[in-house]
Amino acid sequence: MSEQNLQSQTVQTTGHAWDGDLQEFNNPLPTWWVYTFYVTIVFSVVYWFIYPSWPIGKGFLTGFSEITYVNKAGETVTSHWNTRALLAKKLNEQTELQKPYFSKVAASDFGQIAKDPELSGFVLSAGKVLFDDNCAPCHQQGGQGKPGFYPNLADDDWLYGGSYDKIHQTLVNGRRGYMPAFGEVLPAGDIDALANYVASLSGIGHDAGKAASGRALFVSQSAACYACHGENAKGRQETGAPNLTDGIWLWANVPGAQKPEDKIAAIRATIAAGLNKGVMPAWGGRLTPEQIKVLTVYVHELGGGT
Amino acid sequence: MEPGTDSAPALYQKRIPIYTRSVKGPFRRFKTAVLLFGFAVFFLLPWLPWARPDAPSQAVLFDLPGRRFLILGLTVYPQDVIWLALLLFIAAILLFFATALIGRAFCGYFCFQTLWTDCFIWIEHFVQGERPARLRLARQPWNREKLARIGGTHALWVLVSFWTGMTFAAYFAYAPQLVVDFFTGQAAPAAYITVGILTASTYLAAGLMREQVCTYVCPYGRFQSVMYEAQTLAVHYDARRGEGECGRAAAHAGLRTLDERHARGHGDCIDCKLCVQVCPAGIDIRDGLQYKCISCGLCIDACNGIMDSMGFPRGLIRYDSEANLGSPEPARPRLHWRRLKVVGYGVAIVLMSAYLAYSISARSGFEGAVTQVRQPLFVVLSNGDIRNRYQIRVTNKLESPETFSVGIKGLPESALDLGTLREVAVRPGHSAVLQASVILDPETASRTREIEFVITPRSHPNEARIESAGFHYSGQNRN
């Protein structure tokens with residue numbers, strides 16, 4: 001006889017025999033497994049009584065467990081236990097934990113916040129979350145900005161001013177940057193001359209002759225660049241007109257171009273087309289005053305200055 | 001198992017209950033001493049008082065909410081996790097070292113599974129009597145006496161298990177307060193859950209599962225075999241002496257002295273089976289070295305007792321090495337420590353222990369960590385200068401408040417901008433974060449790869465420490 005047949009005499013079989021001698025072993029599940037399975041069944045029945053479970057018609061079995069929480073309208077609500085209510089409850093708890101810090105922020109002025117290590121620690125971590133949620137979509141992570149679209153908040157150049165009060169004002173009311181398209185009013189030669197002059201301000205390779213006539217145009221009544229950018233082209237924060245003499249460029253992608261003629265071409269294009277897209281929305285109604293205060297300190301911490 | 005030679009084993013073997021006989025001897029005495037010492041340390045340590053200015057007066061307290069571990073005079077913070085890593089490393093190497101030298105000494109004498117099982121067997125013995133009495137009790141039908149004795153045993157087990165769990169929890173909260181809170185329903189849910197789980201697992205592991213934990217659950221029991229060498233000392237039965245030419249034989253009339261036995265070709269083993277009866281793993285050591293053996297030495301005690309009463313020389317079961325037992329002329333068993341493995345483990349233990357001791361004794365009163373802000377990697381300022389920003393986290397590990405100041409090394413102080421917070425006061429056991437900027441001109445920036453920050457505690461200026469962080473700048477973006 002084969003070994004298998006010897007085995008089949010000692011191991012339980014299902015009792016059937018096919019084709020004469022084909023049998024099936026009966027290896028029952030381990031006892032501990034079976035009992036664990038029964039326990040899970042009992043567990044599920046207990047669960048039905050406590051938590052929401054079976055759908056019935058348009059509703060469902062709610063379970064006997066209840067949860068009390070404060071909803072968005074500020075009403076205390078008691079309902080059957082559900083994860084949405086649990087989330088609201090937990091959010092409320094966390095908000096309560098943050099409250100003392102936010103009220104301390106509301107009571108302090110900007111300088112006090114920055115000087116208090118614990119409060120500035122809170123502002124930095126809360127500010128980072130607020131910034132990432134609300135500001136980073138445009139200004140990018142860490143406020144590094146995007147050339148041609150959104151200004152860099154981490155550098156020391158501020159279109160509308162980088163003091164606490166100016167940043168706060170910008171956040172609350174929003175900003176709208178505008179520069180007319182000079183391509184419609186000036187001949188191409190004048191625009192080229194202006195571009196050479198602007199390039200000369202930042203030490204970019206340029207045509208000295210064109211730059212000199214550009215300088216004259218800059219302060220003339222026909223182009224009137226000085227009206228916004230100032231006589232020395234240092235910009236004017238009241239109008240948000242940028243300083244043209246520093247190494248920071250937002251709209252004309254000068255740092256991205258390699259050759260001086262490309263850099264001048266980028267400046268020329270900006271002068272000709274003008275700008276009507278420097279829009280920052282007002283956050284006054286969207287965020288609470290405390291949140292805006294936290295963001296002000298956070299943004300000031302990124303770049304700082306005036 | 002050879003196919004076809006025997007009935008095939010069932011997949012799930014029912015456990016054969018083990019009723020161990022108690023035994024006297026040096027190994028038993030050593031085990032008892034380790035048990036008493038270990039229990040004394042574990043159960044009493046949370047109750048040892050220790051005066052502290054700003055924490056509960058408990059000698060060993062793992063203050064999880066406070067993020068600190070108070071161990072006698074030492075306060076360990078999560079930043080010191082390297083010590084835990086070193087400790088675990090040393091423990092593991094010590095285990096390998098001992099195993100290479102004297103087999104599963106940890107299993108037999110020190111493992112808490114062995115200690116608690118030993119304690120539970122002692123309770124069983126105390127309530128139900130010696131092995132024959134326990135066997136009789138197990139076989140007899142359920143009556144009042146059996147119910148009382150078995151029930152009493154389990155009740156005592158649960159009691160010990162509960163106090164084990166309670167003691168464990170007491171390491172994580174002020175013990176006297178915890179016990180009072182626990183019984184008045186005031187303790188934290190975590191305390192009830194911890195005590196509950198540990199009560200159940202202790203009762204299950206030491207009371208019901210016992211040697212099955214070592215056989216089926218413990219991974220160490222399974223991989224210890226790779227750490228054995230032929231020279232490793234382990235509990236062995238001297239089969240050559242015990243079996244002779246014609247095998248072991250009971251000490252009948254005419255087989256009572258060694259001369260009579262040897263004349264008839266029988267070995268020295270009188271097959272009393274005492275070594276089997278005392279074994280907590282339920283094995284027969286005479287079958288040779290086996291994976292279930294936890295090397296507790298109780299069979300040595302049992303066999304030596306019998307050898308003494310028979311007037312035979314001791315050591316039929318003894319600590320010996322496979323190499324020695326297999327040699328034609330077995331010598332006296334001795335420690336073979338001059339092996340690469342043993343010496344290597346030994347050197348590792350010494351080095352790591354020395355490093356741990358040094359690290360603890362030379363630890364400073366604060367921790368400083370500098371991280372570069374990498375979003376953006378660097379900023380070009382309006383005058384062309386390059387700015388990198390850093391977050392400096394200072395943790396005060398002293399018992400008193402401390403003020404820290406930050407400077408830089410190798411560059412002019414004017415390059416460092418700390419904003420409004422030039423110094424920061426930190427409470428004991430807390431951290432503070434400083435924002436720092438380093439501003440360099442493009443020339444210096446392209447040469448600089450690293451900034452060295454000097455963090456100085458005001459009251460211990462000589463403990464100033466240097467923490468370095470990278471400086472990033474790529475000249476590509478210059479205009």
# chains A, B, ... in the order shown; residues from 1 in each chain; ligands from 1

$ select_by_dssp --residues "segment 308-424 of chain B" --states "strand (DSSP E or B)" --output "PyMOL selection string"
chain B and resi 317-321+366-372+379-380+386-396+402-409+416-417+423-424

$ interface_residues --of "chain A" --to "chain B" --cutoff "7 Å" --atoms "only C-alpha atoms" --output "mmCIF file with N, CA, C and O atoms, in the first residue's frame"
data_model
loop_
_atom_site.group_PDB
_atom_site.id
_atom_site.type_symbol
_atom_site.label_atom_id
_atom_site.label_comp_id
_atom_site.auth_asym_id
_atom_site.auth_seq_id
_atom_site.Cartn_x
_atom_site.Cartn_y
_atom_site.Cartn_z
ATOM 1 N N GLU A 3 2.077 5.152 0.900
ATOM 2 C CA GLU A 3 2.168 5.863 2.179
ATOM 3 C C GLU A 3 0.935 6.717 2.426
ATOM 4 O O GLU A 3 0.487 6.869 3.552
ATOM 5 N N LEU A 6 -1.705 4.876 4.132
ATOM 6 C CA LEU A 6 -1.402 4.699 5.542
ATOM 7 C C LEU A 6 -1.800 5.945 6.322
ATOM 8 O O LEU A 6 -2.376 5.879 7.388
ATOM 9 N N GLN A 7 -1.476 7.087 5.687
ATOM 10 C CA GLN A 7 -1.784 8.348 6.342
ATOM 11 C C GLN A 7 -3.280 8.522 6.505
ATOM 12 O O GLN A 7 -3.748 8.947 7.537
ATOM 13 N N THR A 10 -4.979 7.517 9.578
ATOM 14 C CA THR A 10 -4.809 8.207 10.855
ATOM 15 C C THR A 10 -5.372 9.615 10.839
ATOM 16 O O THR A 10 -5.709 10.150 11.872
ATOM 17 N N ALA A 114 6.848 89.398 18.686
ATOM 18 C CA ALA A 114 8.137 88.948 18.184
ATOM 19 C C ALA A 114 9.155 88.788 19.300
ATOM 20 O O ALA A 114 10.086 87.999 19.186
ATOM 21 N N LYS A 115 8.960 89.531 20.407
ATOM 22 C CA LYS A 115 9.952 89.477 21.485
ATOM 23 C C LYS A 115 9.685 88.345 22.464
ATOM 24 O O LYS A 115 10.578 87.954 23.212
ATOM 25 N N PRO A 117 9.367 84.654 23.358
ATOM 26 C CA PRO A 117 9.755 83.404 22.683
ATOM 27 C C PRO A 117 8.588 82.425 22.531
ATOM 28 O O PRO A 117 8.424 81.804 21.485
ATOM 29 N N GLY A 121 6.922 81.494 19.060
ATOM 30 C CA GLY A 121 6.929 80.076 18.686
ATOM 31 C C GLY A 121 5.562 79.642 18.192
ATOM 32 O O GLY A 121 5.434 78.948 17.174
ATOM 33 N N GLN A 141 5.642 77.773 -1.325
ATOM 34 C CA GLN A 141 6.155 77.350 -0.019
ATOM 35 C C GLN A 141 7.268 78.278 0.448
ATOM 36 O O GLN A 141 8.149 78.629 -0.342
ATOM 37 N N GLY A 142 7.202 78.676 1.706
ATOM 38 C CA GLY A 142 8.246 79.524 2.248
ATOM 39 C C GLY A 142 8.213 80.930 1.687
ATOM 40 O O GLY A 142 9.135 81.694 1.906
ATOM 41 N N GLN A 144 8.525 81.965 -1.347
ATOM 42 C CA GLN A 144 9.591 82.250 -2.305
ATOM 43 C C GLN A 144 9.083 82.857 -3.620
ATOM 44 O O GLN A 144 9.888 83.233 -4.475
ATOM 45 N N ALA A 154 10.224 86.366 0.763
ATOM 46 C CA ALA A 154 11.354 86.016 1.617
ATOM 47 C C ALA A 154 12.532 86.950 1.418
ATOM 48 O O ALA A 154 13.485 86.887 2.172
ATOM 49 N N ASP A 155 12.482 87.806 0.386
ATOM 50 C CA ASP A 155 13.599 88.732 0.210
ATOM 51 C C ASP A 155 13.293 90.044 0.928
ATOM 52 O O ASP A 155 12.269 90.192 1.589
ATOM 53 N N ASP A 156 14.178 91.011 0.807
ATOM 54 C CA ASP A 156 14.031 92.249 1.576
ATOM 55 C C ASP A 156 13.416 93.376 0.748
ATOM 56 O O ASP A 156 13.444 94.522 1.151
ATOM 57 N N ASP A 157 12.890 93.040 -0.420
ATOM 58 C CA ASP A 157 12.300 94.059 -1.280
ATOM 59 C C ASP A 157 10.782 93.989 -1.146
ATOM 60 O O ASP A 157 10.187 92.931 -1.327
ATOM 61 N N ASP A 246 17.416 97.851 -7.872
ATOM 62 C CA ASP A 246 17.968 96.714 -7.134
ATOM 63 C C ASP A 246 17.997 95.466 -8.016
ATOM 64 O O ASP A 246 17.632 95.495 -9.195
ATOM 65 N N GLY A 247 18.441 94.386 -7.461
ATOM 66 C CA GLY A 247 18.627 93.156 -8.229
ATOM 67 C C GLY A 247 17.401 92.266 -8.226
ATOM 68 O O GLY A 247 17.485 91.094 -8.579
ATOM 69 N N ILE A 248 16.258 92.780 -7.775
ATOM 70 C CA ILE A 248 15.068 91.945 -7.649
ATOM 71 C C ILE A 248 14.120 92.234 -8.813
ATOM 72 O O ILE A 248 13.787 93.393 -9.080
ATOM 73 N N VAL A 254 14.331 88.924 -15.867
ATOM 74 C CA VAL A 254 15.717 89.302 -16.146
ATOM 75 C C VAL A 254 16.702 88.264 -15.608
ATOM 76 O O VAL A 254 17.632 87.870 -16.313
ATOM 77 N N PRO A 255 16.552 87.796 -14.360
ATOM 78 C CA PRO A 255 17.534 86.818 -13.875
ATOM 79 C C PRO A 255 17.538 85.531 -14.699
ATOM 80 O O PRO A 255 18.569 84.858 -14.777
#

$ residues_around --residues "Gly221 of chain B" --least-positions-apart "2" --cutoff "9 Å" --atoms "only C-alpha atoms" --output "PyMOL selection string"
chain B and resi 104+107+214-219+223-225+291-294

$ residues_around --residues "segment 321-328 of chain B" --least-positions-apart "5" --cutoff "12 Å" --atoms "only C-alpha atoms" --output "PyMOL selection string"
chain B and resi 100-103+228-241+288-289+316+333-336

$ residues_around --residues "Thr170 of chain A" --least-positions-apart "4" --cutoff "10 Å" --atoms "only C-alpha atoms" --output "JSON, numbers by chain"
{"A": [160, 161, 162, 164, 165, 166, 174, 175, 176, 280, 281, 282, 283, 284, 296]}

$ write_last_selection --atoms "N, CA and C atoms" --output "short mmCIF file (atom, residue, chain, number, x, y, z; two decimals), in the first residue's frame"
data_model
loop_
_atom_site.label_atom_id
_atom_site.label_comp_id
_atom_site.auth_asym_id
_atom_site.auth_seq_id
_atom_site.Cartn_x
_atom_site.Cartn_y
_atom_site.Cartn_z
N TYR A 160 4.94 97.20 -1.41
CA TYR A 160 4.05 98.10 -0.68
C TYR A 160 4.54 98.35 0.73
N GLY A 161 5.77 97.96 1.03
CA GLY A 161 6.31 98.19 2.37
C GLY A 161 6.33 96.93 3.18
N GLY A 162 7.39 96.72 3.95
CA GLY A 162 7.56 95.47 4.70
C GLY A 162 7.48 95.65 6.20
N TYR A 164 5.43 95.90 9.84
CA TYR A 164 4.25 95.16 10.34
C TYR A 164 2.96 95.80 9.85
N ASP A 165 2.90 97.13 9.98
CA ASP A 165 1.65 97.81 9.64
C ASP A 165 1.33 97.70 8.16
N LYS A 166 2.38 97.84 7.31
CA LYS A 166 2.15 97.76 5.87
C LYS A 166 1.72 96.35 5.46
N GLY A 174 -5.89 93.82 0.58
CA GLY A 174 -5.48 93.33 -0.73
C GLY A 174 -4.74 94.42 -1.49
N ARG A 175 -4.20 94.05 -2.68
CA ARG A 175 -3.46 95.03 -3.48
C ARG A 175 -3.79 94.81 -4.95
N ARG A 176 -3.56 95.87 -5.74
CA ARG A 176 -3.77 95.75 -7.16
C ARG A 176 -2.66 96.49 -7.87
N MET A 280 -3.70 91.04 -5.50
CA MET A 280 -3.73 90.25 -4.28
C MET A 280 -5.09 90.45 -3.63
N PRO A 281 -5.82 89.38 -3.35
CA PRO A 281 -7.17 89.55 -2.79
C PRO A 281 -7.12 90.08 -1.36
N ALA A 282 -8.22 90.67 -0.94
CA ALA A 282 -8.32 91.15 0.43
C ALA A 282 -8.72 90.00 1.34
N TRP A 283 -7.99 89.85 2.46
CA TRP A 283 -8.27 88.74 3.37
C TRP A 283 -9.06 89.19 4.58
N GLY A 284 -9.38 90.48 4.61
CA GLY A 284 -10.06 91.03 5.78
C GLY A 284 -11.30 90.25 6.18
N THR A 296 0.65 88.25 9.67
CA THR A 296 1.49 89.43 9.51
C THR A 296 2.87 89.18 10.12
#

$ closest_residue --among "B:Leu94, B:Val76, B:Pro442, B:Met227" --to "Asn396 of chain B" --atoms "only C-alpha atoms"
B:Val76

$ closest_residue --among "A:Ala208, A:Cys138, A:Val39, A:Leu124" --to "Val279 of chain A" --atoms "only C-alpha atoms"
A:Cys138

$ residues_around --residues "Ile71 of chain B" --least-positions-apart "4" --cutoff "8 Å" --atoms "only C-alpha atoms" --output "list in words"
Ala59, Val60, Leu61, Phe62, Thr75 and Val76 of chain B

$ write_last_selection --atoms "N, CA, C and O atoms" --output "short mmCIF file (atom, residue, chain, number, x, y, z; two decimals), in the first residue's frame"
data_model
loop_
_atom_site.label_atom_id
_atom_site.label_comp_id
_atom_site.auth_asym_id
_atom_site.auth_seq_id
_atom_site.Cartn_x
_atom_site.Cartn_y
_atom_site.Cartn_z
N ALA B 59 11.92 57.21 42.62
CA ALA B 59 13.29 56.98 42.13
C ALA B 59 13.32 56.72 40.63
O ALA B 59 14.16 57.23 39.92
N VAL B 60 12.37 55.90 40.16
CA VAL B 60 12.34 55.62 38.72
C VAL B 60 10.94 55.96 38.23
O VAL B 60 9.96 55.35 38.65
N LEU B 61 10.85 56.97 37.39
CA LEU B 61 9.55 57.42 36.90
C LEU B 61 9.68 57.80 35.43
O LEU B 61 10.49 58.65 35.08
N PHE B 62 8.90 57.13 34.59
CA PHE B 62 8.91 57.47 33.17
C PHE B 62 7.76 58.44 32.93
O PHE B 62 6.61 58.03 32.79
N THR B 75 18.08 62.67 34.67
CA THR B 75 16.87 62.99 33.91
C THR B 75 17.19 62.79 32.43
O THR B 75 18.07 63.44 31.89
N VAL B 76 16.46 61.87 31.82
CA VAL B 76 16.74 61.53 30.42
C VAL B 76 15.62 62.12 29.57
O VAL B 76 14.44 61.96 29.89
#

$ atom_distance --atom1 "atom CA of Thr239 of chain A" --atom2 "atom CA of Thr288 of chain A"
26.6 Å

$ closest_residue --among "A:Cys135, A:Leu295, A:Ala106, A:Ala265" --to "His206 of chain A" --atoms "only C-alpha atoms"
A:Ala265

$ residues_around --residues "Pro280 of chain B" --least-positions-apart "4" --cutoff "8 Å" --atoms "only C-alpha atoms" --output "number ranges by chain"
B: 18, 20, 211

$ write_last_selection --atoms "all heavy atoms" --output "PDB file, in the first residue's frame"
ATOM      1  N   ILE B  18       2.302  19.698  31.872  1.00  0.00           N
ATOM      2  CA  ILE B  18       3.551  19.354  32.548  1.00  0.00           C
ATOM      3  C   ILE B  18       3.382  19.613  34.039  1.00  0.00           C
ATOM      4  O   ILE B  18       2.999  20.716  34.439  1.00  0.00           O
ATOM      5  CB  ILE B  18       4.710  20.191  31.987  1.00  0.00           C
ATOM      6  CG1 ILE B  18       4.935  19.839  30.516  1.00  0.00           C
ATOM      7  CG2 ILE B  18       5.985  19.946  32.779  1.00  0.00           C
ATOM      8  CD1 ILE B  18       5.841  20.811  29.805  1.00  0.00           C
ATOM      9  N   THR B  20       5.729  19.624  37.025  1.00  0.00           N
ATOM     10  CA  THR B  20       7.145  19.462  37.346  1.00  0.00           C
ATOM     11  C   THR B  20       7.328  19.085  38.809  1.00  0.00           C
ATOM     12  O   THR B  20       6.606  19.543  39.685  1.00  0.00           O
ATOM     13  CB  THR B  20       7.920  20.761  37.078  1.00  0.00           C
ATOM     14  OG1 THR B  20       7.353  21.796  37.875  1.00  0.00           O
ATOM     15  CG2 THR B  20       7.854  21.151  35.630  1.00  0.00           C
ATOM     16  N   GLU B 211       5.766  26.756  28.712  1.00  0.00           N
ATOM     17  CA  GLU B 211       6.860  26.381  27.806  1.00  0.00           C
ATOM     18  C   GLU B 211       6.468  26.568  26.343  1.00  0.00           C
ATOM     19  O   GLU B 211       7.334  26.646  25.477  1.00  0.00           O
ATOM     20  CB  GLU B 211       7.316  24.947  28.064  1.00  0.00           C
ATOM     21  CG  GLU B 211       6.485  23.850  27.410  1.00  0.00           C
ATOM     22  CD  GLU B 211       5.125  23.687  28.061  1.00  0.00           C
ATOM     23  OE1 GLU B 211       4.929  24.206  29.173  1.00  0.00           O
ATOM     24  OE2 GLU B 211       4.253  23.031  27.460  1.00  0.00           O
TER      25      GLU B 211
END

$ atom_distance --atom1 "atom CA of Asn462 of chain B" --atom2 "atom CA of Gly410 of chain B"
18.4 Å

$ atom_distance --atom1 "atom CA of Ile82 of chain B" --atom2 "atom CA of Pro53 of chain B"
26.5 Å

$ select_by_dssp --residues "segment 3-86 of chain A" --states "alpha helix (DSSP H)" --output "ChimeraX atom specification"
/A:3-10,31-50,83-86

$ closest_residue --among "A:Glu24, A:Asp19, A:Glu261, A:Glu301" --to "Ile204 of chain A" --atoms "only C-alpha atoms"
A:Glu261
